[in-house]
>>> print(open('query.cif').read())   # mmCIF, C-alpha atoms
data_model
#
loop_
_atom_site.group_PDB
_atom_site.id
_atom_site.type_symbol
_atom_site.label_atom_id
_atom_site.label_comp_id
_atom_site.auth_asym_id
_atom_site.auth_seq_id
_atom_site.Cartn_x
_atom_site.Cartn_y
_atom_site.Cartn_z
ATOM 1 C CA GLU D 1 0.000 0.000 0.000
ATOM 2 C CA ASP D 2 1.300 3.422 -0.883
ATOM 3 C CA THR D 3 1.873 5.866 1.971
ATOM 4 C CA ARG D 4 1.634 9.616 1.418
ATOM 5 C CA ASP D 5 4.806 11.579 2.062
ATOM 6 C CA THR D 6 4.882 13.666 5.235
ATOM 7 C CA ASP D 7 7.649 15.611 6.961
ATOM 8 C CA THR D 8 8.783 12.465 8.794
ATOM 9 C CA LEU D 9 7.743 9.737 6.307
ATOM 10 C CA LYS D 10 9.267 10.167 2.854
ATOM 11 C CA ASN D 11 9.279 7.544 0.069
ATOM 12 C CA ALA D 12 7.504 5.037 2.324
ATOM 13 C CA PHE D 13 5.047 2.248 1.597
ATOM 14 C CA GLN D 14 3.428 -0.499 3.660
ATOM 15 C CA ILE D 15 3.741 -4.226 3.270
ATOM 16 C CA VAL D 16 0.687 -5.844 4.865
ATOM 17 C CA SER D 17 0.207 -9.574 5.468
ATOM 18 C CA ARG D 18 -1.498 -11.903 7.917
ATOM 19 C CA SER D 19 1.664 -12.628 9.877
ATOM 20 C CA LYS D 20 3.636 -9.365 9.757
ATOM 21 C CA SER D 21 3.057 -5.846 8.458
ATOM 22 C CA PHE D 22 5.559 -3.027 8.293
ATOM 23 C CA ILE D 23 6.633 0.218 6.592
ATOM 24 C CA VAL D 24 9.450 0.224 4.028
ATOM 25 C CA PHE D 25 11.470 3.375 3.301
ATOM 26 C CA ALA D 26 13.063 3.758 -0.144
ATOM 27 C CA PRO D 27 15.994 6.134 -0.751
ATOM 28 C CA SER D 28 14.115 8.002 -3.508
ATOM 29 C CA ALA D 29 10.697 8.324 -5.143
ATOM 30 C CA ASP D 30 12.002 6.440 -8.206
ATOM 31 C CA ASP D 31 13.271 3.580 -6.030
ATOM 32 C CA LYS D 32 9.930 3.492 -4.206
ATOM 33 C CA ALA D 33 8.025 3.183 -7.501
ATOM 34 C CA SER D 34 10.425 0.509 -8.753
ATOM 35 C CA TRP D 35 10.256 -1.511 -5.514
ATOM 36 C CA MET D 36 6.464 -1.317 -5.390
ATOM 37 C CA ALA D 37 6.208 -2.452 -9.020
ATOM 38 C CA ALA D 38 8.608 -5.361 -8.415
ATOM 39 C CA LEU D 39 6.696 -6.425 -5.299
ATOM 40 C CA GLY D 40 3.394 -6.128 -7.166
ATOM 41 C CA ASP D 41 4.743 -8.374 -9.932
ATOM 42 C CA ALA D 42 6.026 -10.920 -7.391
ATOM 43 C CA ILE D 43 2.678 -10.942 -5.559
ATOM 44 C CA SER D 44 0.804 -11.456 -8.843
ATOM 45 C CA ALA D 45 3.105 -14.346 -9.762
ATOM 46 C CA CYS D 46 2.554 -15.953 -6.345
ATOM 47 C CA LYS D 47 -1.224 -15.558 -6.617
ATOM 48 C CA THR D 48 -1.135 -17.218 -10.043
ATOM 49 C CA ARG D 49 0.881 -20.160 -8.669
ATOM 50 C CA ILE D 50 -1.504 -20.491 -5.707
ATOM 51 C CA LYS D 51 -4.542 -20.515 -8.020
ATOM 52 C CA GLN D 52 -2.903 -23.164 -10.181
ATOM 53 C CA HIS D 53 -2.220 -25.241 -7.073
ATOM 54 C CA GLN D 54 -5.754 -24.790 -5.748
ATOM 55 C CA VAL D 55 -7.270 -25.989 -9.003
ATOM 56 C CA SER D 56 -5.422 -29.266 -8.749
ATOM 57 C CA THR D 57 -7.945 -31.969 -8.151
ATOM 58 C CA THR D 58 -7.924 -34.944 -5.890
ATOM 59 C CA LEU D 59 -9.716 -38.092 -6.878
ATOM 60 C CA HIS D 60 -11.662 -39.809 -4.155
ATOM 61 C CA ARG D 61 -12.885 -43.300 -4.949
ATOM 62 C CA SER D 62 -16.004 -44.598 -3.338
ATOM 63 C CA SER D 63 -17.495 -48.051 -3.830
ATOM 64 C CA SER D 64 -19.785 -46.977 -6.653
ATOM 65 C CA SER D 65 -18.391 -43.793 -8.182
ATOM 66 C CA THR D 66 -15.443 -41.461 -8.472
ATOM 67 C CA GLU D 67 -15.802 -38.036 -6.859
ATOM 68 C CA VAL D 68 -13.650 -35.120 -7.945
ATOM 69 C CA ARG D 69 -12.980 -32.528 -5.264
ATOM 70 C CA THR D 70 -11.192 -29.219 -5.758
ATOM 71 C CA ASP D 71 -9.137 -28.300 -2.709
ATOM 72 C CA THR D 72 -9.282 -24.546 -2.173
ATOM 73 C CA ALA D 73 -7.596 -24.078 1.168
ATOM 74 C CA ALA D 74 -5.702 -25.984 3.776
ATOM 75 C CA GLY D 75 -6.951 -25.641 7.330
ATOM 76 C CA ASP D 76 -4.797 -23.658 9.737
ATOM 77 C CA GLY D 77 -5.048 -26.330 12.389
ATOM 78 C CA ALA D 78 -5.854 -23.840 15.125
ATOM 79 C CA GLU D 79 -8.871 -24.544 17.235
ATOM 80 C CA GLY D 80 -10.947 -21.635 18.503
ATOM 81 C CA GLY D 81 -9.792 -18.066 18.822
ATOM 82 C CA ASN D 82 -10.251 -14.976 16.701
ATOM 83 C CA SER D 83 -8.831 -14.357 13.271
ATOM 84 C CA ILE D 84 -6.791 -11.187 12.988
ATOM 85 C CA GLY D 85 -6.970 -11.015 9.176
ATOM 86 C CA GLU D 86 -4.066 -8.773 8.190
ATOM 87 C CA ALA D 87 -1.438 -7.971 10.791
ATOM 88 C CA PRO D 88 -1.537 -4.271 11.722
ATOM 89 C CA VAL D 89 1.310 -1.931 10.845
ATOM 90 C CA TRP D 90 2.908 -0.945 14.135
ATOM 91 C CA VAL D 91 3.323 2.733 14.846
ATOM 92 C CA PRO D 92 7.133 3.242 14.931
ATOM 93 C CA ASP D 93 8.445 3.830 18.468
ATOM 94 C CA LYS D 94 10.427 6.917 17.485
ATOM 95 C CA HIS D 95 7.231 8.656 16.317
ATOM 96 C CA VAL D 96 5.380 8.165 19.614
ATOM 97 C CA VAL D 97 6.087 10.041 22.839
ATOM 98 C CA GLN D 98 2.884 9.233 24.732
ATOM 99 C CA CYS D 99 0.378 6.416 25.122
ATOM 100 C CA GLY D 100 -2.250 6.276 22.390
ATOM 101 C CA LEU D 101 -5.024 5.690 24.952
ATOM 102 C CA CYS D 102 -4.235 7.541 28.191
ATOM 103 C CA SER D 103 -1.743 10.097 26.778
ATOM 104 C CA ASP D 104 0.806 9.458 29.569
ATOM 105 C CA SER D 105 4.354 10.167 28.405
ATOM 106 C CA PHE D 106 6.703 7.258 27.876
ATOM 107 C CA THR D 107 9.773 7.222 30.096
ATOM 108 C CA LEU D 108 12.574 4.856 30.970
ATOM 109 C CA LEU D 109 10.180 3.081 33.355
ATOM 110 C CA LYS D 110 6.904 3.579 31.455
ATOM 111 C CA ARG D 111 7.645 1.448 28.395
ATOM 112 C CA ARG D 112 6.028 1.296 24.971
ATOM 113 C CA HIS D 113 4.010 -1.756 23.948
ATOM 114 C CA HIS D 114 2.260 -2.468 20.671
ATOM 115 C CA CYS D 115 -1.288 -3.759 20.432
ATOM 116 C CA ARG D 116 -1.206 -6.868 18.243
ATOM 117 C CA ALA D 117 -4.745 -6.128 16.999
ATOM 118 C CA CYS D 118 -4.515 -2.458 15.930
ATOM 119 C CA GLY D 119 -0.765 -1.654 16.047
ATOM 120 C CA ALA D 120 -1.151 1.296 18.422
ATOM 121 C CA CYS D 121 1.705 2.163 20.745
ATOM 122 C CA ILE D 122 0.352 2.041 24.301
ATOM 123 C CA CYS D 123 1.602 1.831 27.867
ATOM 124 C CA GLY D 124 1.466 -1.275 30.051
ATOM 125 C CA SER D 125 -1.460 0.098 32.054
ATOM 126 C CA CYS D 126 -3.537 0.369 28.866
ATOM 127 C CA SER D 127 -2.597 -3.096 27.584
ATOM 128 C CA THR D 128 -3.328 -5.407 30.485
ATOM 129 C CA GLN D 129 -5.331 -7.975 28.506
ATOM 130 C CA ARG D 130 -4.533 -10.804 26.106
ATOM 131 C CA VAL D 131 -6.602 -12.186 23.220
ATOM 132 C CA HIS D 132 -6.114 -15.520 21.495
ATOM 133 C CA PHE D 133 -5.682 -15.223 17.728
ATOM 134 C CA LYS D 134 -5.509 -18.328 15.547
ATOM 135 C CA GLU D 135 -2.462 -16.947 13.744
ATOM 136 C CA LEU D 136 -0.525 -15.609 16.751
ATOM 137 C CA GLY D 137 -1.679 -17.442 19.865
ATOM 138 C CA LYS D 138 -2.427 -15.437 23.030
ATOM 139 C CA VAL D 139 -1.016 -11.924 22.593
ATOM 140 C CA ARG D 140 -1.110 -8.463 24.165
ATOM 141 C CA VAL D 141 -3.839 -6.091 22.991
ATOM 142 C CA CYS D 142 -4.828 -2.617 24.093
ATOM 143 C CA ASP D 143 -7.816 -2.339 26.410
ATOM 144 C CA LYS D 144 -9.866 -0.721 23.600
ATOM 145 C CA CYS D 145 -9.326 -3.711 21.254
ATOM 146 C CA PHE D 146 -9.895 -6.160 24.106
ATOM 147 C CA ALA D 147 -13.362 -4.654 24.653
ATOM 148 C CA VAL D 148 -14.135 -5.140 20.938
ATOM 149 C CA TYR D 149 -13.008 -8.779 20.917
ATOM 150 C CA LYS D 150 -14.737 -9.491 24.244
ATOM 151 C CA ASP D 151 -18.035 -8.098 22.875
ATOM 152 C CA ARG D 152 -17.588 -10.087 19.647
ATOM 153 C CA ASP D 153 -17.001 -13.297 21.593
ATOM 154 C CA ARG D 154 -20.032 -12.593 23.825
ATOM 155 C CA ALA D 155 -22.237 -12.021 20.744
ATOM 156 C CA LEU D 156 -20.999 -15.273 19.175
ATOM 157 C CA ASN D 157 -21.679 -17.235 22.345
ATOM 158 C CA ASP D 158 -25.155 -15.702 22.739
ATOM 159 C CA SER D 159 -26.100 -16.675 19.173
ATOM 160 C CA ARG D 160 -25.184 -20.340 19.711
#
>>> encode(input="query.cif", output="structure tokens")
Amino acid sequence: EDTRDTDTLKNAFQIVSRSKSFIVFAPSADDKASWMAALGDAISACKTRIKQHQVSTTLHRSSSSTEVRTDTAAGDGAEGGNSIGEAPVWVPDKHVVQCGLCSDSFTLLKRRHHCRACGACICGSCSTQRVHFKELGKVRVCDKCFAVYKDRDRALNDSR
């Protein structure tokens, strides 16, 4: 994803995936355009290979007929938990001087933590909870995201 230039972020773009997301800084605007094009081409090539793999069929023989099944996805093997989708881009530490929730300043003793759900930089007092994600296991989240996931879990349980 392209990122607009600001005073502190020049020639930057984001790489976003399910397992890790981050900001990349290119030395120049031309390099940024070239890198983004090369990554776009590589992603397209990977998607094509994945589609070709997914279309491969598996024959299943039963006693009276042959069934053809198209496998579209392998299970992740994780039981229960939330799905995070794409990993959030973490706010870089050097750009944050205070907690994103309570606005307390970070010090040598009041450390920065990153919410694994939204990427915000928060203090320990504002990130006291953990949420289980299929992709990451049980990880630290800010209290604001915890409330969202807690309400989502409650709604799922009530509908069952």
>>> resolve_selection(input="query.cif", expression="the PyMOL selection byres ((chain D and resi 114-129) around 10)", output="PyMOL selection string")
chain D and resi 21+83-93+95-106+110-113+130-131+133+136+138-147+149
>>> residues_around(input="query.cif", residues="Phe13 in chain D", least_positions_apart="4", cutoff="7 Å", atoms="only C-alpha atoms", output="ChimeraX atom specification")
/D:1-3,23-25
>>> atom_distance(input="query.cif", atom1="CA of Lys32 in chain D", atom2="CA of Leu9 in chain D")
12.4 Å
>>> atom_distance(input="query.cif", atom1="CA of Ile15 in chain D", atom2="CA of Gly137 in chain D")
21.9 Å
>>> atom_distance(input="query.cif", atom1="CA of Glu135 in chain D", atom2="CA of Arg18 in chain D")
7.8 Å
>>> closest_residue(input="query.cif", among="D:Thr107, D:Thr6, D:Asn11, D:Thr48", to="Ala26 in chain D", atoms="only C-alpha atoms")
D:Asn11
>>> axis_aligned_box(input="query.cif", around="range 16-35 of chain D", padding_each_side="6 Å", output="lines of an AutoDock Vina configuration file")
center_x = 7.2
center_y = -2.2
center_z = 0.6
size_x = 29.5
size_y = 33.0
size_z = 30.6
>>> build_atoms(input="query.cif", residues="range 13-26 of chain D", atoms="N, CA and C atoms", output="PDB file, keeping the file's coordinate frame")
ATOM      1  N   PHE D  13       6.234   3.021   1.950  1.00  0.00           N
ATOM      2  CA  PHE D  13       5.047   2.248   1.597  1.00  0.00           C
ATOM      3  C   PHE D  13       4.924   1.107   2.592  1.00  0.00           C
ATOM      4  N   GLN D  14       3.697   0.556   2.687  1.00  0.00           N
ATOM      5  CA  GLN D  14       3.428  -0.499   3.660  1.00  0.00           C
ATOM      6  C   GLN D  14       3.373  -1.852   2.980  1.00  0.00           C
ATOM      7  N   ILE D  15       3.913  -2.836   3.667  1.00  0.00           N
ATOM      8  CA  ILE D  15       3.741  -4.226   3.270  1.00  0.00           C
ATOM      9  C   ILE D  15       2.853  -4.847   4.345  1.00  0.00           C
ATOM     10  N   VAL D  16       1.695  -5.353   3.931  1.00  0.00           N
ATOM     11  CA  VAL D  16       0.687  -5.844   4.865  1.00  0.00           C
ATOM     12  C   VAL D  16       0.415  -7.313   4.576  1.00  0.00           C
ATOM     13  N   SER D  17       0.511  -8.148   5.618  1.00  0.00           N
ATOM     14  CA  SER D  17       0.207  -9.574   5.468  1.00  0.00           C
ATOM     15  C   SER D  17      -0.471 -10.063   6.730  1.00  0.00           C
ATOM     16  N   ARG D  18      -0.841 -11.336   6.737  1.00  0.00           N
ATOM     17  CA  ARG D  18      -1.498 -11.903   7.917  1.00  0.00           C
ATOM     18  C   ARG D  18      -0.536 -12.053   9.080  1.00  0.00           C
ATOM     19  N   SER D  19       0.737 -12.337   8.795  1.00  0.00           N
ATOM     20  CA  SER D  19       1.664 -12.628   9.877  1.00  0.00           C
ATOM     21  C   SER D  19       2.502 -11.435  10.315  1.00  0.00           C
ATOM     22  N   LYS D  20       2.784 -10.501   9.409  1.00  0.00           N
ATOM     23  CA  LYS D  20       3.636  -9.365   9.757  1.00  0.00           C
ATOM     24  C   LYS D  20       3.344  -8.233   8.794  1.00  0.00           C
ATOM     25  N   SER D  21       3.252  -7.029   9.287  1.00  0.00           N
ATOM     26  CA  SER D  21       3.057  -5.846   8.458  1.00  0.00           C
ATOM     27  C   SER D  21       4.055  -4.795   8.898  1.00  0.00           C
ATOM     28  N   PHE D  22       4.565  -4.021   7.940  1.00  0.00           N
ATOM     29  CA  PHE D  22       5.559  -3.027   8.293  1.00  0.00           C
ATOM     30  C   PHE D  22       5.654  -1.960   7.215  1.00  0.00           C
ATOM     31  N   ILE D  23       6.409  -0.885   7.519  1.00  0.00           N
ATOM     32  CA  ILE D  23       6.633   0.218   6.592  1.00  0.00           C
ATOM     33  C   ILE D  23       8.037   0.075   6.022  1.00  0.00           C
ATOM     34  N   VAL D  24       8.161   0.278   4.712  1.00  0.00           N
ATOM     35  CA  VAL D  24       9.450   0.224   4.028  1.00  0.00           C
ATOM     36  C   VAL D  24       9.778   1.639   3.558  1.00  0.00           C
ATOM     37  N   PHE D  25      11.031   2.057   3.737  1.00  0.00           N
ATOM     38  CA  PHE D  25      11.470   3.375   3.301  1.00  0.00           C
ATOM     39  C   PHE D  25      12.460   3.208   2.159  1.00  0.00           C
ATOM     40  N   ALA D  26      12.169   3.807   1.018  1.00  0.00           N
ATOM     41  CA  ALA D  26      13.063   3.758  -0.144  1.00  0.00           C
ATOM     42  C   ALA D  26      13.928   5.026  -0.138  1.00  0.00           C
TER      43      ALA D  26
END
